[in-house]
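J.: Pasting query-v2.txt below, which is compact mmCIF, C-alpha atoms and all ligand atoms.
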# COMPACT_ATOMS: atom_id res chain seq x y z
CA MET A 1078 -22.97 -20.84 -39.51
CA THR A 1079 -22.40 -18.61 -36.44
CA TYR A 1080 -20.29 -20.30 -33.81
CA ASP A 1081 -22.28 -21.41 -30.79
CA PRO A 1082 -20.08 -22.09 -27.73
CA ALA A 1083 -22.91 -24.26 -26.33
CA SER A 1084 -21.88 -26.86 -28.91
CA GLU A 1085 -18.64 -27.29 -26.92
CA GLY A 1086 -20.43 -27.51 -23.63
CA ALA A 1087 -20.33 -23.86 -22.50
CA ARG A 1088 -23.12 -23.25 -20.00
CA MET A 1089 -25.47 -20.65 -21.46
CA SER A 1090 -28.25 -20.57 -18.90
CA PHE A 1091 -27.83 -19.49 -15.30
CA THR A 1092 -31.36 -19.48 -14.01
CA GLY A 1093 -31.06 -20.70 -10.43
CA ARG A 1094 -27.26 -21.08 -10.73
CA MET A 1095 -24.32 -19.01 -9.53
CA SER A 1096 -22.81 -17.09 -12.44
CA TYR A 1097 -19.58 -15.13 -12.80
CA GLY A 1098 -21.27 -11.87 -11.83
CA ASP A 1099 -22.91 -13.45 -8.77
CA TYR A 1100 -19.64 -14.93 -7.52
CA LEU A 1101 -17.79 -11.62 -7.93
CA ASP A 1102 -20.68 -9.45 -6.74
CA LEU A 1103 -20.13 -7.40 -9.88
CA ASP A 1104 -23.44 -5.58 -9.70
CA ARG A 1105 -22.35 -3.85 -6.54
CA ILE A 1106 -18.82 -3.13 -7.74
CA LEU A 1107 -19.94 -1.80 -11.12
CA ARG A 1108 -22.67 0.32 -9.61
CA ALA A 1109 -20.30 1.97 -7.18
CA GLN A 1110 -19.10 4.76 -9.52
CA HIS A 1111 -21.01 7.96 -8.90
CA PRO A 1112 -19.46 10.92 -10.71
CA LEU A 1113 -20.72 14.18 -9.23
CA SER A 1114 -20.03 16.29 -12.31
CA GLN A 1115 -20.60 16.05 -16.05
CA ALA A 1116 -16.82 15.93 -16.65
CA HIS A 1117 -15.77 12.99 -18.84
CA ASP A 1118 -12.58 12.34 -16.80
CA GLU A 1119 -14.24 12.02 -13.43
CA MET A 1120 -14.95 8.35 -14.21
CA LEU A 1121 -11.24 7.72 -14.75
CA PHE A 1122 -10.44 9.42 -11.45
CA ILE A 1123 -13.01 7.34 -9.54
CA ILE A 1124 -12.05 4.01 -11.09
CA GLN A 1125 -8.33 4.67 -10.61
CA HIS A 1126 -8.89 5.20 -6.89
CA GLN A 1127 -11.30 2.32 -6.50
CA THR A 1128 -9.02 -0.17 -8.24
CA SER A 1129 -6.08 1.07 -6.15
CA GLU A 1130 -8.15 0.44 -3.02
CA LEU A 1131 -8.96 -3.09 -4.20
CA TRP A 1132 -5.27 -3.83 -4.75
CA MET A 1133 -4.51 -2.34 -1.32
CA LYS A 1134 -7.07 -4.71 0.15
CA LEU A 1135 -5.21 -7.64 -1.34
CA ALA A 1136 -1.85 -6.22 -0.21
CA LEU A 1137 -3.15 -6.04 3.37
CA HIS A 1138 -4.48 -9.58 3.14
CA GLU A 1139 -1.04 -10.79 2.05
CA MET A 1140 0.92 -8.67 4.53
CA ASP A 1141 -1.17 -9.89 7.43
CA ALA A 1142 -0.69 -13.52 6.43
CA ALA A 1143 3.02 -12.95 5.79
CA ARG A 1144 3.43 -11.50 9.28
CA GLU A 1145 1.68 -14.50 10.78
CA ALA A 1146 3.80 -16.94 8.77
CA ILE A 1147 7.02 -15.17 9.80
CA GLY A 1148 5.90 -15.25 13.43
CA ALA A 1149 5.39 -19.01 13.13
CA GLY A 1150 8.78 -19.50 11.46
CA ARG A 1151 7.23 -20.44 8.10
CA LEU A 1152 9.45 -18.23 6.01
CA GLN A 1153 8.99 -19.83 2.58
CA PRO A 1154 5.22 -19.14 2.38
CA ALA A 1155 5.93 -15.62 3.70
CA PHE A 1156 8.42 -15.03 0.85
CA LYS A 1157 5.75 -15.88 -1.65
CA MET A 1158 3.27 -13.50 -0.08
CA LEU A 1159 5.78 -10.66 0.20
CA THR A 1160 6.72 -11.15 -3.44
CA ARG A 1161 3.05 -10.81 -4.29
CA VAL A 1162 2.81 -7.58 -2.28
CA ALA A 1163 5.76 -6.12 -4.21
CA ARG A 1164 4.06 -7.14 -7.48
CA ILE A 1165 0.85 -5.45 -6.35
CA MET A 1166 2.85 -2.28 -5.76
CA GLU A 1167 4.27 -2.67 -9.24
CA GLN A 1168 0.76 -3.02 -10.60
CA LEU A 1169 -0.21 0.20 -8.81
CA ASN A 1170 2.89 1.84 -10.26
CA SER A 1171 1.86 0.99 -13.80
CA ALA A 1172 -1.61 2.36 -13.12
CA TRP A 1173 -0.20 5.91 -12.95
CA ASP A 1174 0.31 5.72 -16.71
CA VAL A 1175 -3.46 5.65 -17.15
CA LEU A 1176 -4.06 8.59 -14.79
CA ARG A 1177 -1.30 10.60 -16.46
CA THR A 1178 -3.47 10.83 -19.58
CA MET A 1179 -5.58 13.35 -17.67
CA THR A 1180 -4.52 16.98 -18.15
CA PRO A 1181 -4.82 19.82 -15.62
CA SER A 1182 -7.68 21.27 -17.68
CA GLU A 1183 -9.58 18.00 -17.46
CA TYR A 1184 -8.99 17.62 -13.71
CA THR A 1185 -10.11 21.19 -13.08
CA GLU A 1186 -13.48 20.35 -14.64
CA PHE A 1187 -14.43 18.12 -11.70
CA ARG A 1188 -12.03 19.18 -8.91
CA GLU A 1189 -14.86 21.00 -7.10
CA SER A 1190 -16.88 17.77 -6.88
CA LEU A 1191 -14.26 16.14 -4.64
CA GLY A 1192 -14.71 18.71 -1.91
CA GLU A 1193 -12.14 17.95 0.78
CA SER A 1194 -11.83 14.26 0.03
CA SER A 1195 -8.32 13.01 -0.69
CA GLY A 1196 -6.25 9.83 -0.72
CA PHE A 1197 -4.80 11.31 2.47
CA GLN A 1198 -7.92 9.84 4.10
CA SER A 1199 -7.37 6.36 2.64
CA TYR A 1200 -7.55 4.11 5.67
CA GLN A 1201 -6.22 1.13 3.79
CA TYR A 1202 -3.11 3.10 2.79
CA ARG A 1203 -2.63 4.10 6.42
CA MET A 1204 -3.14 0.48 7.45
CA ILE A 1205 -0.45 -0.68 5.01
CA GLU A 1206 1.92 1.84 6.59
CA PHE A 1207 0.90 0.75 10.09
CA VAL A 1208 1.33 -2.96 9.34
CA ALA A 1209 4.76 -2.35 7.78
CA GLY A 1210 5.69 -0.33 10.88
CA ASN A 1211 5.40 3.32 9.82
CA ARG A 1212 3.06 4.40 12.60
CA ASN A 1213 2.14 8.04 13.00
CA MET A 1214 -0.77 8.23 15.41
CA ALA A 1215 -1.73 11.69 14.10
CA MET A 1216 -2.86 9.95 10.90
CA ILE A 1217 -5.70 8.28 12.82
CA ARG A 1218 -7.45 11.62 13.36
CA PRO A 1219 -9.05 11.89 9.90
CA HIS A 1220 -10.83 8.60 10.73
CA GLU A 1221 -12.28 9.57 14.10
CA HIS A 1222 -15.70 10.09 12.50
CA ARG A 1223 -15.64 6.34 11.72
CA PRO A 1224 -14.90 4.78 15.14
CA GLU A 1225 -14.51 1.23 13.78
CA ILE A 1226 -11.74 2.39 11.41
CA ALA A 1227 -9.97 4.50 14.02
CA GLU A 1228 -10.14 1.53 16.40
CA ALA A 1229 -8.73 -0.86 13.79
CA LEU A 1230 -5.77 1.48 13.23
CA LEU A 1231 -5.28 1.88 16.99
CA ALA A 1232 -5.40 -1.88 17.46
CA GLU A 1233 -2.86 -2.34 14.66
CA ALA A 1234 -0.54 0.21 16.28
CA ALA A 1235 -0.58 -1.89 19.46
CA ARG A 1236 0.52 -5.06 17.61
CA PRO A 1237 4.06 -5.94 16.57
CA SER A 1238 4.53 -4.68 13.02
CA LEU A 1239 5.72 -6.80 10.13
CA TYR A 1240 9.26 -5.58 10.85
CA ASP A 1241 8.91 -6.24 14.61
CA THR A 1242 7.95 -9.79 13.71
CA VAL A 1243 11.01 -10.09 11.48
CA ILE A 1244 13.22 -8.85 14.33
CA ALA A 1245 11.60 -11.42 16.64
CA ARG A 1246 12.61 -14.07 14.08
CA LEU A 1247 16.20 -12.80 14.21
CA ARG A 1248 16.04 -13.07 17.98
CA ALA A 1249 14.76 -16.64 17.70
CA SER A 1250 17.77 -17.35 15.47
CA GLY A 1251 20.15 -16.26 18.23
CA PHE A 1252 20.72 -12.56 17.54
CA GLN A 1253 20.61 -10.29 20.59
CA ILE A 1254 18.14 -7.52 19.80
CA ALA A 1255 15.94 -5.95 22.46
CA PRO A 1256 12.25 -5.51 21.55
CA ARG A 1257 11.41 -1.86 21.02
CA GLU A 1258 9.75 -0.06 23.90
CA ARG A 1259 6.91 1.59 21.97
CA LEU A 1260 5.05 -0.07 19.15
CA ASP A 1261 3.05 3.01 18.17
CA GLU A 1262 5.95 4.83 16.52
CA PRO A 1263 7.81 4.50 13.23
CA HIS A 1264 10.84 2.21 13.26
CA ARG A 1265 13.97 4.05 14.22
CA PRO A 1266 17.46 2.80 13.41
CA ASP A 1267 18.59 0.19 15.95
CA PRO A 1268 22.36 -0.47 16.11
CA ALA A 1269 21.82 -4.02 17.45
CA ALA A 1270 19.48 -4.91 14.57
CA ARG A 1271 21.81 -3.32 12.04
CA ALA A 1272 24.73 -5.32 13.42
CA ALA A 1273 22.65 -8.51 13.11
CA TRP A 1274 21.73 -7.69 9.49
CA ALA A 1275 25.38 -6.88 8.73
CA GLU A 1276 26.38 -10.33 10.00
CA ILE A 1277 23.68 -11.92 7.84
CA TYR A 1278 24.66 -9.98 4.71
CA ARG A 1279 28.36 -10.77 5.23
CA ASP A 1280 27.62 -14.49 5.19
CA PRO A 1281 24.45 -15.09 3.14
CA GLN A 1282 25.16 -18.82 2.74
CA ARG A 1283 25.02 -19.31 6.48
CA HIS A 1284 21.87 -17.24 7.01
CA TRP A 1285 20.16 -17.70 3.65
CA GLU A 1286 16.55 -17.53 4.83
CA LEU A 1287 17.04 -14.40 6.92
CA TYR A 1288 19.01 -12.85 4.09
CA GLU A 1289 16.18 -13.60 1.68
CA LEU A 1290 13.66 -12.24 4.17
CA ALA A 1291 15.57 -8.95 4.38
CA GLU A 1292 15.65 -8.66 0.60
CA LYS A 1293 11.89 -9.26 0.40
CA LEU A 1294 11.36 -6.33 2.79
CA VAL A 1295 13.73 -4.13 0.80
CA ASP A 1296 11.89 -5.10 -2.39
CA PHE A 1297 8.58 -4.16 -0.82
CA GLU A 1298 9.91 -0.79 0.33
CA ASP A 1299 11.58 -0.17 -3.01
CA TYR A 1300 8.30 -0.63 -4.92
CA PHE A 1301 6.39 1.34 -2.31
CA ARG A 1302 8.82 4.26 -2.74
CA ARG A 1303 8.34 4.13 -6.48
CA TRP A 1304 4.59 4.39 -5.88
CA ARG A 1305 5.13 7.52 -3.77
CA PHE A 1306 7.47 8.95 -6.36
CA ASN A 1307 5.03 8.29 -9.24
CA HIS A 1308 2.21 9.78 -7.18
CA VAL A 1309 4.04 13.04 -6.49
CA THR A 1310 5.21 13.31 -10.12
CA THR A 1311 1.68 12.76 -11.42
CA VAL A 1312 0.24 15.18 -8.87
CA LYS A 1313 2.75 17.87 -9.87
CA ARG A 1314 1.85 17.33 -13.51
CA ILE A 1315 -1.85 17.71 -12.79
CA ILE A 1316 -2.13 20.34 -10.01
CA GLY A 1317 1.34 21.93 -9.93
CA PHE A 1318 1.93 23.47 -6.50
CA LYS A 1319 -1.72 23.98 -5.60
CA ARG A 1320 -2.87 22.83 -2.18
CA GLY A 1321 -4.26 19.30 -1.94
CA SER A 1322 -7.98 18.63 -1.65
CA GLY A 1323 -7.15 17.10 1.76
CA GLY A 1324 -5.77 20.46 2.91
CA THR A 1325 -2.01 19.80 2.90
CA SER A 1326 0.53 21.84 0.96
CA GLY A 1327 0.15 19.26 -1.84
CA VAL A 1328 3.37 18.49 -3.69
CA SER A 1329 5.56 19.78 -0.82
CA TYR A 1330 3.75 17.44 1.59
CA LEU A 1331 4.14 14.50 -0.79
CA ARG A 1332 7.83 15.28 -1.31
CA ARG A 1333 8.30 15.20 2.42
CA MET A 1334 6.69 11.74 2.46
CA LEU A 1335 9.35 10.58 0.00
CA ASP A 1336 11.81 10.73 2.90
CA VAL A 1337 9.82 8.17 4.91
CA VAL A 1338 11.91 5.07 5.54
CA LEU A 1339 10.04 1.95 6.58
CA PHE A 1340 13.00 -0.25 7.48
CA PRO A 1341 15.94 2.07 8.29
CA ASP A 1342 18.27 -0.72 9.52
CA LEU A 1343 18.09 -2.49 6.18
CA TRP A 1344 18.96 0.66 4.22
CA GLU A 1345 21.70 1.85 6.59
CA LEU A 1346 23.44 -1.48 6.65
CA ARG A 1347 24.21 -1.15 2.92
CA THR A 1348 26.69 1.64 3.59
CA GLU A 1349 28.75 -0.42 5.95
CA LEU A 1350 29.04 -3.59 3.90
C1 LIG B 1 -5.44 13.53 -10.08
C2 LIG B 1 -4.89 12.60 -9.34
C3 LIG B 1 -4.39 12.84 -7.94
C4 LIG B 1 -4.08 14.01 -7.33
C5 LIG B 1 -4.13 15.44 -7.90
C6 LIG B 1 -3.67 13.67 -5.99
C7 LIG B 1 -3.26 14.60 -5.06
C8 LIG B 1 -2.88 14.30 -3.77
C9 LIG B 1 -2.42 15.26 -2.81
C10 LIG B 1 -2.22 16.76 -3.08
C11 LIG B 1 -2.18 14.60 -1.65
C12 LIG B 1 -1.73 15.21 -0.33
C13 LIG B 1 -2.88 15.29 0.63
C14 LIG B 1 -3.86 16.38 0.27
O1 LIG B 1 -3.70 17.51 0.74
O2 LIG B 1 -4.83 16.08 -0.46
C15 LIG B 1 -2.48 13.21 -1.88
C16 LIG B 1 -2.35 12.21 -0.94
C17 LIG B 1 -2.60 10.89 -1.19
N1 LIG B 1 -3.09 10.36 -2.37
FE1 LIG B 1 -3.35 11.31 -4.11
N2 LIG B 1 -3.73 12.32 -5.81
C18 LIG B 1 -4.18 11.77 -6.99
C19 LIG B 1 -4.39 10.44 -7.23
C20 LIG B 1 -4.28 9.44 -6.30
C21 LIG B 1 -4.59 8.06 -6.55
C22 LIG B 1 -5.05 7.44 -7.86
C23 LIG B 1 -4.40 7.40 -5.38
C24 LIG B 1 -4.63 5.94 -5.18
C25 LIG B 1 -5.30 5.48 -4.16
C26 LIG B 1 -3.97 8.37 -4.40
C27 LIG B 1 -3.69 8.10 -3.10
C28 LIG B 1 -3.20 9.01 -2.19
C29 LIG B 1 -2.77 8.66 -0.86
C30 LIG B 1 -2.75 7.27 -0.25
C31 LIG B 1 -2.37 9.83 -0.24
C32 LIG B 1 -1.78 9.97 1.16
C33 LIG B 1 -0.26 9.94 1.05
C34 LIG B 1 0.45 10.15 2.39
O3 LIG B 1 -0.16 10.65 3.34
O4 LIG B 1 1.64 9.79 2.46
N3 LIG B 1 -3.89 9.58 -5.00
N4 LIG B 1 -2.90 13.05 -3.17
Produce structure tokens that represent the structure in this file.
Ligand code: HEM
T.:
Amino acid sequence: MTYDPASEGARMSFTGRMSYGDYLDLDRILRAQHPLSQAHDEMLFIIQHQTSELWMKLALHEMDAAREAIGAGRLQPAFKMLTRVARIMEQLNSAWDVLRTMTPSEYTEFRESLGESSGFQSYQYRMIEFVAGNRNMAMIRPHEHRPEIAEALLAEAARPSLYDTVIARLRASGFQIAPRERLDEPHRPDPAARAAWAEIYRDPQRHWELYELAEKLVDFEDYFRRWRFNHVTTVKRIIGFKRGSGGTSGVSYLRRMLDVVLFPDLWELRTEL
């Protein structure tokens, strides 16, 4: 006899009921892949980017909530969310293994279809950088044709970043650190903040929560850097030193981005401990 899951109570009819596909809006997600060439690998390329964007959406959701929790002094829930963000980055890191199965010959078959589109224009990626605190206002320009996106990035750049919120928490714990004058710039090293972190790292028992908070940020940045590194390595493997579809120098541009430091105080402090 063929096994019938209905015999164990599995629902088999969804007429007039919400099913799995309805809840997840799968029809829309699964119909959103539109290869523009006949190349077999274009589907991989599209799905790799789309899934990355979905994970970025979740990362932003968590980062936003973590920032709010830190602002309200609820550090334990924030730790959980920041751990999740680092795991998402790890997930995105593993995803490069799938993309790496595509050779330069295969990519070349559909490269023309992309036109000038590039991850460089990923507004969620830019938003992740902006929320963390790496704010380069020039990066808003590729979004000016979509005013609501440009405005969301501008509004984010006017808010305290995740790191600004962490520094405010340090201030609330008695450390003397002046707020930075401009929010719409990347974080620059601040001797007062570094001194505060040094005090915390020299006596973790006394400042355990702040110490843990710092390590969560370092974890996040560590995984994020690995993402950038994997990206540039994969890109070099696939397009060598050709220019990017977004118009930059390609690998040289991405290598330059490897030098970006989100939380300089937390990295510099390690030398002086
Ligand atoms: C065949 C695979 C890929 C190639 C050849 C490639 C190539 C490039 C290049 C050359 C750039 C520099 C900007 C430009 O001139 O285009 C770039 C930027 C970028 N790519 Fe990719 N990429 C690939 C896959 C991916 C995937 C799967 C993602 C995931 C979303 C991604 C996300 C990004 C992002 C966010 C940037 C901006 C980085 C920054 O400005 O710091 N890329 N990519």
J.: Please, what is the axis-aligned box for every listed atom of ligand LIG 1 (chain B) with 8 Å on each side, as centre and edge lengths in Å to one decimal, as lines of an AutoDock Vina configuration file?
T.:
center_x = -1.9
center_y = 11.5
center_z = -3.4
size_x = 23.1
size_y = 28.0
size_z = 29.4
J.: Give me, as a list in words, all polymer residues having an atom no more than 9 Å from stretch 1146-1162 of chain A, counting all atoms listed in the file and skipping those fewer than 6 positions away in the same chain.
T.: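 The filter keeps Leu1135, Ala1136, Leu1137, Glu1139, Met1140, Leu1239, Thr1242, Val1243, Ala1245, Arg1246, Glu1286, Leu1287, Glu1289, Leu1290, Lys1293, Leu1294, Asp1296 and Phe1297 of chain A.
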J.: 8 Å from ligand LIG 1 (chain B) is the threshold here; counting all atoms listed in the file, which polymer residues fall inside it? Answer as an NGL selection string.
T.: :A and (1122 or 1125-1130 or 1173 or 1176 or 1179 or 1184 or 1193-1199 or 1202-1203 or 1305 or 1308-1309 or 1311-1313 or 1315-1316 or 1319-1328 or 1330-1331 or 1334)
J.: Give one line per residue of stretch 1181-1233 of chain A that approaches stretch 1096-1115 of chain A to at most 10 Å, naming the two atoms of the closest pair and their distance in Å to one decimal, counting all atoms listed in the file; sort by chain then ascending residue number and deliver it as a Markdown table.
T.:
| residue | atom | partner | partner_atom | distance |
| --- | --- | --- | --- | --- |
| A:Glu1186 | CA | A:Ser1114 | CA | 8.1 |
| A:Phe1187 | CA | A:Ser1114 | CA | 5.9 |
| A:Arg1188 | CA | A:Ser1114 | CA | 9.2 |
| A:Glu1189 | CA | A:Ser1114 | CA | 8.7 |
| A:Ser1190 | CA | A:Leu1113 | CA | 5.8 |
| A:Leu1191 | CA | A:Leu1113 | CA | 8.2 |
J.: Using all atoms listed in the file, determine which residues lie at most 8 Å from stretch 1273-1281 of chain A, disregarding the query and same-chain residues fewer than 6 positions distant; provide the list as a ChimeraX atom specification.
T.: /A:1247,1252-1253,1287-1288,1342-1343,1346,1349-1350
J.: Just want the 7 Å neighbourhood of A:His1264, counted on all atoms listed in the file, with same-chain residues fewer than 3 positions away dropped. Output as a ChimeraX atom specification.
T.: /A:1210-1211,1339-1340
J.: In terms of the shortest atom-to-atom distance over all atoms listed in the file, which of A:Met1204, A:Ala1249, A:Arg1257, A:Gly1093 is closest to A:His1220?
T.: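 That would be A:Met1204, the residue with the smallest distance to A:His1220.
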J.: Quick one: pull the distance between atom CA of A:Ile1217 and atom CA of A:Gly1192, Å, one decimal.
T.: 20.2 Å
J.: Residues near A:Trp1132, anyone? I mean within 9 Å using only C-alpha atoms, not counting same-chain ones fewer than 6 positions away, as an MDAnalysis selection string.
T.: chainID A and resid 1165:1166 1168:1169
J.: Here is a test: counting only C-alpha atoms, which residue of A:Pro1266, A:Ala1163, A:Glu1183, A:Arg1088 is nearest to A:Leu1121?
T.: A:Glu1183
